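Colleague: So that we are looking at the same thing, I have put the structure below in structure tokens.
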Amino acid sequence: MQISIVTIIDVEAALIEGTLDNNAYVVDNTQNFAVPGGTSGGLSTQVIGVHNADGSQAAEAVLNWITVGVSGVPNTLPRAFHHRHRAAESNARLLTAVKAARTPNAIAKLLGDHEGGHRAPSLHVRNRDGEVRTLHGTVMNSHGDPVDKFDLAAAGNLPPVVTNIYGPAVDQGVMYPALYGSPDVYTEGWYWSASVDTSKVGRHVYSMDVVLHEPVEEKGRVLWVPRTFTQTSSITVIKALNVNGFTGCVAPGLLPMAPAASIYAGGAL
Amino acid sequence: MRQITIRLVVDVVSVLETETLAGHLFMFDNNRLHGSRDQNTSHLATAVAPGDQIIWSVVPIECEAYAALSAVDVPAEFVEVTKNTYPGTNVSYWTGVVKKPVGDLSYGLTFELGTKTKTVSTDRTSRLIDANGVQRSSKETSETSETAA
């Protein structure tokens, strides 16, 4: 089963309070399988280990993590949407304005106007190695429009980035996580996924490092600085016998259809 | 004037199986520090002040599943809502500006799930409430009392 684990983070509040407590929530598509009273406290992702009568594994369980901010554009947008405010689009707008200008002075003013928004917007971002890189583009709010200023409210629109998944569930070989690029060219494709060793029944804890970016004034410009937060969650592996969904008998079995008297290829019933 | 995003996380498959949003809709907003309550439930109470812009945005738990909002049912005297589309895409969202203090206002949501023709509505479990520091005027309070009487 493809299990989807969505973590929703109020990025602005997390940066203000310095914690993911009360600012991050985990929702998944497995709670229909939860045993009432089975897990005390927070949500545990239920992973069903489907096995054959002889105990061998009958199906795979795959975990997929999607981590989104409460603010900002949704993850359902096509990949190209995130480039809307980058250099190519800004230059195209500047060219249109220059073509429409009537006098050399007007053109000079447009080209020299660094504040008017015609210049390519850029973000200065410090990566986790401490290097500062300049990225073309700007911060988009939930409308898809550029934000007015780089403050904590603007930071709320930058998506959280999961940088590591680790802990006992990984150390004990229960799950095998890795960062993947989705072949889906329509939406932004990076996500974490893991296969699960479903023979290891029980509750297994894991941690997730999530990077949020915070605006900091440095040398007269705004620098976006990464801050790592940690979220702890768990999976609960339960066993289920592979059964025929039509008959309830041990799989594979037969379909509940009366055999026809005479059916042959190409013949009429 | 804050831009308040209400993120609607929905388990599309479970809703289609059970024909109800109850237990399968998880609502979040970015205004907890100004008074919002009940994050991660279907009865989110979003704190708003006059002038705030609200954006309703849908995220399906399984990213392959189709989910969108077809209606936001809130009295227009408080918030006039419109449906928008991100330019160049078929992804929609709803917006509205808060015109005056809301008090405690229930509102309904109708979703398109799986396909455009399959719609399911909430039981008006979600609310808009006044943000910290927002006072309703005494005139509005007395009007409400008369209506309730």
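Residues are named by chain letter and number: chains run A, B, ... in the order of the structure tokens, numbers start at 1 in each chain, and ligands are numbered from 1 in the order shown.
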Can you pull out the residues contacting region 78-88 of chain B? Cut-off 9 Å, using only C-alpha atoms, and skip same-chain residues under 6 positions away; I want them as a list in words.
Modeller: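 Contacts, with the query itself left out: Leu77, Phe81, His143 and Gly144 of chain A; Pro50, Ile54, Leu69, Ser70, Ala71, Val72, Trp94, Thr95, Gly96, Val97, Val98, Lys99, Lys100, Pro101 and Val102 of chain B.
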Colleague: Could you save the residues just selected, with C-alpha atoms, as a PDB file, in the first residue's frame?
Modeller:
```pdb
ATOM      1  CA  LEU A  77       0.679  23.469  -8.624  1.00  0.00           C
ATOM      2  CA  PHE A  81       4.607  27.944 -11.407  1.00  0.00           C
ATOM      3  CA  HIS A 143      -1.946  34.057  -3.969  1.00  0.00           C
ATOM      4  CA  GLY A 144       1.161  33.372  -6.019  1.00  0.00           C
TER       5      GLY A 144
ATOM      6  CA  PRO B  50     -11.486  43.499   9.719  1.00  0.00           C
ATOM      7  CA  ILE B  54      -8.585  34.915   3.962  1.00  0.00           C
ATOM      8  CA  LEU B  69     -13.490  23.676  -3.213  1.00  0.00           C
ATOM      9  CA  SER B  70     -16.662  24.387  -5.149  1.00  0.00           C
ATOM     10  CA  ALA B  71     -18.289  26.642  -2.554  1.00  0.00           C
ATOM     11  CA  VAL B  72     -17.551  28.621   0.602  1.00  0.00           C
ATOM     12  CA  TRP B  94     -11.086  30.937  -2.692  1.00  0.00           C
ATOM     13  CA  THR B  95     -10.454  34.356  -1.168  1.00  0.00           C
ATOM     14  CA  GLY B  96     -12.381  36.968   0.775  1.00  0.00           C
ATOM     15  CA  VAL B  97     -11.677  40.119   2.762  1.00  0.00           C
ATOM     16  CA  VAL B  98     -13.159  40.449   6.252  1.00  0.00           C
ATOM     17  CA  LYS B  99     -15.451  43.501   6.250  1.00  0.00           C
ATOM     18  CA  LYS B 100     -16.283  43.795   9.968  1.00  0.00           C
ATOM     19  CA  PRO B 101     -15.878  41.933  13.287  1.00  0.00           C
ATOM     20  CA  VAL B 102     -17.311  38.433  12.855  1.00  0.00           C
TER      21      VAL B 102
END
```
Colleague: Do you have, as a tab-separated table, the list of residues of chain A lying at most 6 Å from chain B, each with its nearest atom pair and that distance in Å to one decimal, counting only C-alpha atoms and ordered by chain then number?
Modeller:
```
residue	atom	partner	partner_atom	distance
A:Ser4	CA	B:Glu62	CA	5.9
A:Asp10	CA	B:Asn30	CA	5.8
A:Val70	CA	B:Arg7	CA	5.8
A:Ser71	CA	B:Thr5	CA	5.5
```
Colleague: Quick one: everything within 12 Å of Gly103 (chain B), counting only C-alpha atoms, minus sequence neighbours fewer than 3 positions away in the same chain. Send it as a list in words.
Modeller: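 Those residues are Ala45, Thr46, Ala47, Val48, Ala49, Pro50, Phe78, Val98, Lys100, Ser106, Arg127, Leu128, Ile129, Asp130, Ala131, Asn132, Gly133, Val134, Gln135, Arg136, Ser137, Glu140, Thr141 and Thr144 of chain B.
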Colleague: For the residues in that selection, give me C-alpha atoms as a PDB file, in the first residue's frame.
Modeller:
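New file result.pdb:
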```pdb
ATOM      1  CA  ALA B  45     -12.026  28.397  14.460  1.00  0.00           C
ATOM      2  CA  THR B  46      -9.979  30.921  12.481  1.00  0.00           C
ATOM      3  CA  ALA B  47      -9.275  34.233  14.197  1.00  0.00           C
ATOM      4  CA  VAL B  48      -9.778  37.190  11.854  1.00  0.00           C
ATOM      5  CA  ALA B  49      -9.828  40.982  12.086  1.00  0.00           C
ATOM      6  CA  PRO B  50     -11.486  43.499   9.719  1.00  0.00           C
ATOM      7  CA  PHE B  78     -18.992  39.637   6.781  1.00  0.00           C
ATOM      8  CA  VAL B  98     -13.159  40.449   6.252  1.00  0.00           C
ATOM      9  CA  LYS B 100     -16.283  43.795   9.968  1.00  0.00           C
ATOM     10  CA  SER B 106     -20.121  29.245  11.364  1.00  0.00           C
ATOM     11  CA  ARG B 127     -15.922  28.965  12.162  1.00  0.00           C
ATOM     12  CA  LEU B 128     -14.508  32.459  11.904  1.00  0.00           C
ATOM     13  CA  ILE B 129     -13.959  34.187  15.259  1.00  0.00           C
ATOM     14  CA  ASP B 130     -12.666  37.604  16.294  1.00  0.00           C
ATOM     15  CA  ALA B 131      -8.881  37.771  16.557  1.00  0.00           C
ATOM     16  CA  ASN B 132      -7.258  38.788  19.841  1.00  0.00           C
ATOM     17  CA  GLY B 133      -7.994  42.454  20.457  1.00  0.00           C
ATOM     18  CA  VAL B 134     -10.898  42.738  18.013  1.00  0.00           C
ATOM     19  CA  GLN B 135     -13.947  44.252  19.660  1.00  0.00           C
ATOM     20  CA  ARG B 136     -17.399  44.187  18.160  1.00  0.00           C
ATOM     21  CA  SER B 137     -19.017  47.610  18.439  1.00  0.00           C
ATOM     22  CA  GLU B 140     -23.495  45.351  16.422  1.00  0.00           C
ATOM     23  CA  THR B 141     -23.776  43.588  19.795  1.00  0.00           C
ATOM     24  CA  THR B 144     -27.289  40.485  17.555  1.00  0.00           C
TER      25      THR B 144
END
```
Colleague: What's around His136 (chain A) at 9 Å? Count only C-alpha atoms, leave out sequence neighbours fewer than 2 positions away in its own chain, and write the answer as a compact mmCIF listing (two decimals) with N, CA and C atoms, in the first residue's frame.
Modeller:
```txt
# COMPACT_ATOMS: atom_id res chain seq x y z
N HIS A 83 8.53 29.28 -10.88
CA HIS A 83 9.49 30.14 -11.57
C HIS A 83 8.88 31.44 -12.05
N HIS A 85 8.26 34.34 -10.93
CA HIS A 85 8.82 35.67 -10.68
C HIS A 85 10.32 35.69 -10.88
N ARG A 86 10.82 34.78 -11.67
CA ARG A 86 12.27 34.73 -11.83
C ARG A 86 12.74 35.55 -13.01
N ALA A 87 14.02 35.44 -13.30
CA ALA A 87 14.69 36.38 -14.21
C ALA A 87 14.00 36.46 -15.56
N ALA A 120 15.45 41.85 -12.08
CA ALA A 120 15.21 40.46 -11.68
C ALA A 120 15.26 40.35 -10.16
N PRO A 121 14.18 39.90 -9.54
CA PRO A 121 14.20 39.73 -8.08
C PRO A 121 15.14 38.59 -7.71
N SER A 122 15.74 38.71 -6.54
CA SER A 122 16.66 37.65 -6.12
C SER A 122 16.57 37.41 -4.63
N LEU A 123 16.94 36.21 -4.25
CA LEU A 123 16.97 35.82 -2.85
C LEU A 123 18.40 35.44 -2.49
N HIS A 124 18.89 35.95 -1.38
CA HIS A 124 20.21 35.54 -0.88
C HIS A 124 19.97 34.50 0.19
N THR A 134 23.03 33.26 -4.40
CA THR A 134 21.98 34.15 -4.87
C THR A 134 21.07 33.38 -5.81
N THR A 138 11.70 35.21 -6.05
CA THR A 138 11.33 35.87 -4.81
C THR A 138 10.37 34.97 -4.05
```
Colleague: Which residue is closest to Trp224 (chain A)? Choose from A:Leu158, A:Val26, A:Val250, A:Val73 and count only C-alpha atoms.
Modeller: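 For Trp224 (chain A), the nearest of the given residues is A:Leu158.
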Colleague: Using Å and a single decimal, report how far CA of Val174 (chain A) sits from CA of Val161 (chain A).
Modeller: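 Distance reported for this atom pair: 23.4 Å.
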Colleague: Using DSSP on the backbone coordinates, identify the residues of region 33-263 of chain A assigned to alpha helix (DSSP H); present them as a PDB file with C-alpha atoms, in the first residue's frame.
Modeller:
```
ATOM      1  CA  ALA A  87      14.688  36.381 -14.211  1.00  0.00           C
ATOM      2  CA  ALA A  88      13.118  35.351 -17.522  1.00  0.00           C
ATOM      3  CA  GLU A  89       9.690  36.649 -16.579  1.00  0.00           C
ATOM      4  CA  SER A  90      11.082  39.863 -15.051  1.00  0.00           C
ATOM      5  CA  ASN A  91      13.191  40.525 -18.158  1.00  0.00           C
ATOM      6  CA  ALA A  92      10.191  39.915 -20.399  1.00  0.00           C
ATOM      7  CA  ARG A  93       8.190  42.471 -18.432  1.00  0.00           C
ATOM      8  CA  LEU A  94      11.059  44.973 -18.577  1.00  0.00           C
ATOM      9  CA  LEU A  95      11.357  44.496 -22.349  1.00  0.00           C
ATOM     10  CA  THR A  96       7.643  45.153 -22.790  1.00  0.00           C
ATOM     11  CA  ALA A  97       7.924  48.364 -20.745  1.00  0.00           C
ATOM     12  CA  VAL A  98      11.034  49.512 -22.679  1.00  0.00           C
ATOM     13  CA  LYS A  99       9.320  48.928 -26.041  1.00  0.00           C
ATOM     14  CA  ALA A 100       6.381  51.056 -24.894  1.00  0.00           C
ATOM     15  CA  PRO A 104      15.439  57.936 -24.379  1.00  0.00           C
ATOM     16  CA  ASN A 105      15.053  59.426 -20.875  1.00  0.00           C
ATOM     17  CA  ALA A 106      12.093  57.190 -20.145  1.00  0.00           C
ATOM     18  CA  ILE A 107      14.075  54.147 -21.275  1.00  0.00           C
ATOM     19  CA  ALA A 108      17.080  55.153 -19.156  1.00  0.00           C
ATOM     20  CA  LYS A 109      14.786  55.550 -16.164  1.00  0.00           C
ATOM     21  CA  LEU A 110      13.286  52.081 -16.645  1.00  0.00           C
ATOM     22  CA  LEU A 111      16.679  50.436 -17.018  1.00  0.00           C
ATOM     23  CA  GLY A 112      18.104  52.264 -14.024  1.00  0.00           C
ATOM     24  CA  LEU A 152       8.570  36.570   9.280  1.00  0.00           C
ATOM     25  CA  ALA A 153       5.121  36.670   7.683  1.00  0.00           C
ATOM     26  CA  ALA A 154       6.852  36.291   4.294  1.00  0.00           C
ATOM     27  CA  ALA A 155       8.955  33.433   5.715  1.00  0.00           C
ATOM     28  CA  PRO A 168      15.310   3.668  15.867  1.00  0.00           C
ATOM     29  CA  ALA A 169      12.944   2.756  13.035  1.00  0.00           C
ATOM     30  CA  VAL A 170      15.809   3.301  10.571  1.00  0.00           C
ATOM     31  CA  ASP A 171      18.613   1.900  12.755  1.00  0.00           C
TER      32      ASP A 171
END
```
Colleague: I'd like the interatomic distance between CA of Gly253 (chain A) and CA of Asn52 (chain A), to a tenth of an Å.
Modeller: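 A separation of 12.1 Å between them.
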Colleague: Fewer than 4 positions away in the same chain doesn't count, so skip those; otherwise give me all residues within 10 Å of Gly55 (chain A), counting only C-alpha atoms, as number ranges by chain.
Modeller: A: 50-51, 199, 239, 241-242
Colleague: Excluding Thr110 (chain B) and its own-chain neighbours fewer than 2 positions away, which residues fall within 10 Å of it when counting only C-alpha atoms? Please give them as a PDB file with C-alpha atoms, in the first residue's frame.
Modeller:
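The resulting file, out.pdb, is shown below:
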```
ATOM      1  CA  LEU B  21     -16.205  14.491   5.454  1.00  0.00           C
ATOM      2  CA  ALA B  68     -11.079  21.279  -4.897  1.00  0.00           C
ATOM      3  CA  LEU B  69     -13.490  23.676  -3.213  1.00  0.00           C
ATOM      4  CA  SER B  70     -16.662  24.387  -5.149  1.00  0.00           C
ATOM      5  CA  ALA B  71     -18.289  26.642  -2.554  1.00  0.00           C
ATOM      6  CA  VAL B  72     -17.551  28.621   0.602  1.00  0.00           C
ATOM      7  CA  ASP B  73     -20.848  29.420   2.316  1.00  0.00           C
ATOM      8  CA  GLY B 108     -19.893  25.780   5.261  1.00  0.00           C
ATOM      9  CA  GLU B 112     -15.373  18.418  -5.350  1.00  0.00           C
ATOM     10  CA  LEU B 113     -13.677  15.084  -4.635  1.00  0.00           C
ATOM     11  CA  THR B 119     -19.512  17.076  -4.240  1.00  0.00           C
ATOM     12  CA  VAL B 120     -19.610  16.654  -0.468  1.00  0.00           C
ATOM     13  CA  SER B 121     -20.324  19.406   2.063  1.00  0.00           C
ATOM     14  CA  THR B 122     -19.351  19.965   5.676  1.00  0.00           C
ATOM     15  CA  ASP B 123     -21.986  20.409   8.414  1.00  0.00           C
ATOM     16  CA  ARG B 124     -20.849  24.029   8.857  1.00  0.00           C
TER      17      ARG B 124
END
```
Colleague: Distance CA of Ser42 (chain B)-CA of Leu109 (chain B), one decimal place?
Modeller: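 CA of Ser42 (chain B) sits 10.5 Å away from CA of Leu109 (chain B).
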Colleague: Got a sec: who's within 8 Å of Gln2 (chain A), counting only C-alpha atoms, leaving out chain neighbours fewer than 2 positions off, as a ChimeraX atom specification?
Modeller: /A:4,61-64
Colleague: Where in region 69-191 of chain A does DSSP assign strand (DSSP E), given as a list in words?
Modeller: Gly69, Ser122, Leu123, His124, Val125, Arg126, Val132, Arg133, Thr134, Leu135, His136, Val161, Val162, Thr163, Asn164, Ile165, Tyr166, Met175, Tyr176, Pro177, Ala178, Leu179, Tyr180, Gly181, Trp190 and Tyr191 of chain A
Colleague: For a quick check of understanding, using only C-alpha atoms, which of A:Ala13, A:Ile5, A:Ile235, A:Met257 has the smallest distance to Asn157 (chain A)?
Modeller: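 The closest residue to Asn157 (chain A) is A:Ala13.
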